[in-house]
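Before any comments, here is the structure.
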Amino acid sequence: MTPSLVLMDYVERKTLNNEQLEYLEQVLKASIQKLKFTGIEPIISNNKICDAALISHGSYEISCIASILDMLKPIEKPMERKKKVFNALCNAGLIVTD
């Protein structure tokens, strides 16, 4: 199982099972930590995955994962996964804001 395969499964079925959701949660946590400590640019998702995640084409896979998880399994914490990923990308210098 790879994140891309799970995301493509979501593109096809518009749903994920509990095992896939948990896998994406772990991938997301690991990706955020890797980004914080290395600053290495994450991979870009394909357009079908970006469309399914309801985010713009050319977005990072980590952003797609966060968006899909926020849609399928919302959290009631102060910060959605998408916001955490956005902050991590900004801190790594991969997104520049005014």
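In the structure tokens, chains take the letters A, B, ... in the order shown, each chain's residues start at 1, and ligands count up from 1 in the order shown.
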Residue contacts of Glu22 in chain A (10 Å, only C-alpha atoms) excluding same-chain residues fewer than 6 positions away, as an MDAnalysis selection string
chainID A and resid 16 28 69
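Neighbouring residues of range 85-98 of chain A at 9 Å or closer, counting only C-alpha atoms and skipping chain neighbours under 2 positions away, are A:Leu28, A:Ile32, A:Gln33, A:Leu35, A:Lys36, A:Phe37, A:Thr38, A:Gly39, A:Ile40, A:Glu41, A:Ile62, A:Ser63, A:Ala66, A:Glu80, A:Arg81, A:Lys82, A:Lys83.
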So that I can check the surroundings of Ile43 in chain A, please list as a ChimeraX atom specification every protein, DNA and RNA residue that reaches within 10 Å of it, counting only C-alpha atoms and ignoring chain neighbours fewer than 6 positions away.
/A:58-62
Alpha helix (DSSP H) positions in chain A, given as number ranges by chain
A: 3-13, 18-38, 47-53, 61-72, 81-91
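Here CA of Pro78 in chain A stands at a distance of 29.7 Å from CA of Leu5 in chain A.
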As a check of understanding: the span from CA of Leu21 in chain A to CA of Lys73 in chain A is 8.1 Å
Spatial neighbours of range 7-14 of chain A, max dist 8 Å, only C-alpha atoms, sep filter under 6 positions, as a PyMOL selection string:
chain A and resi 48-49+52+65
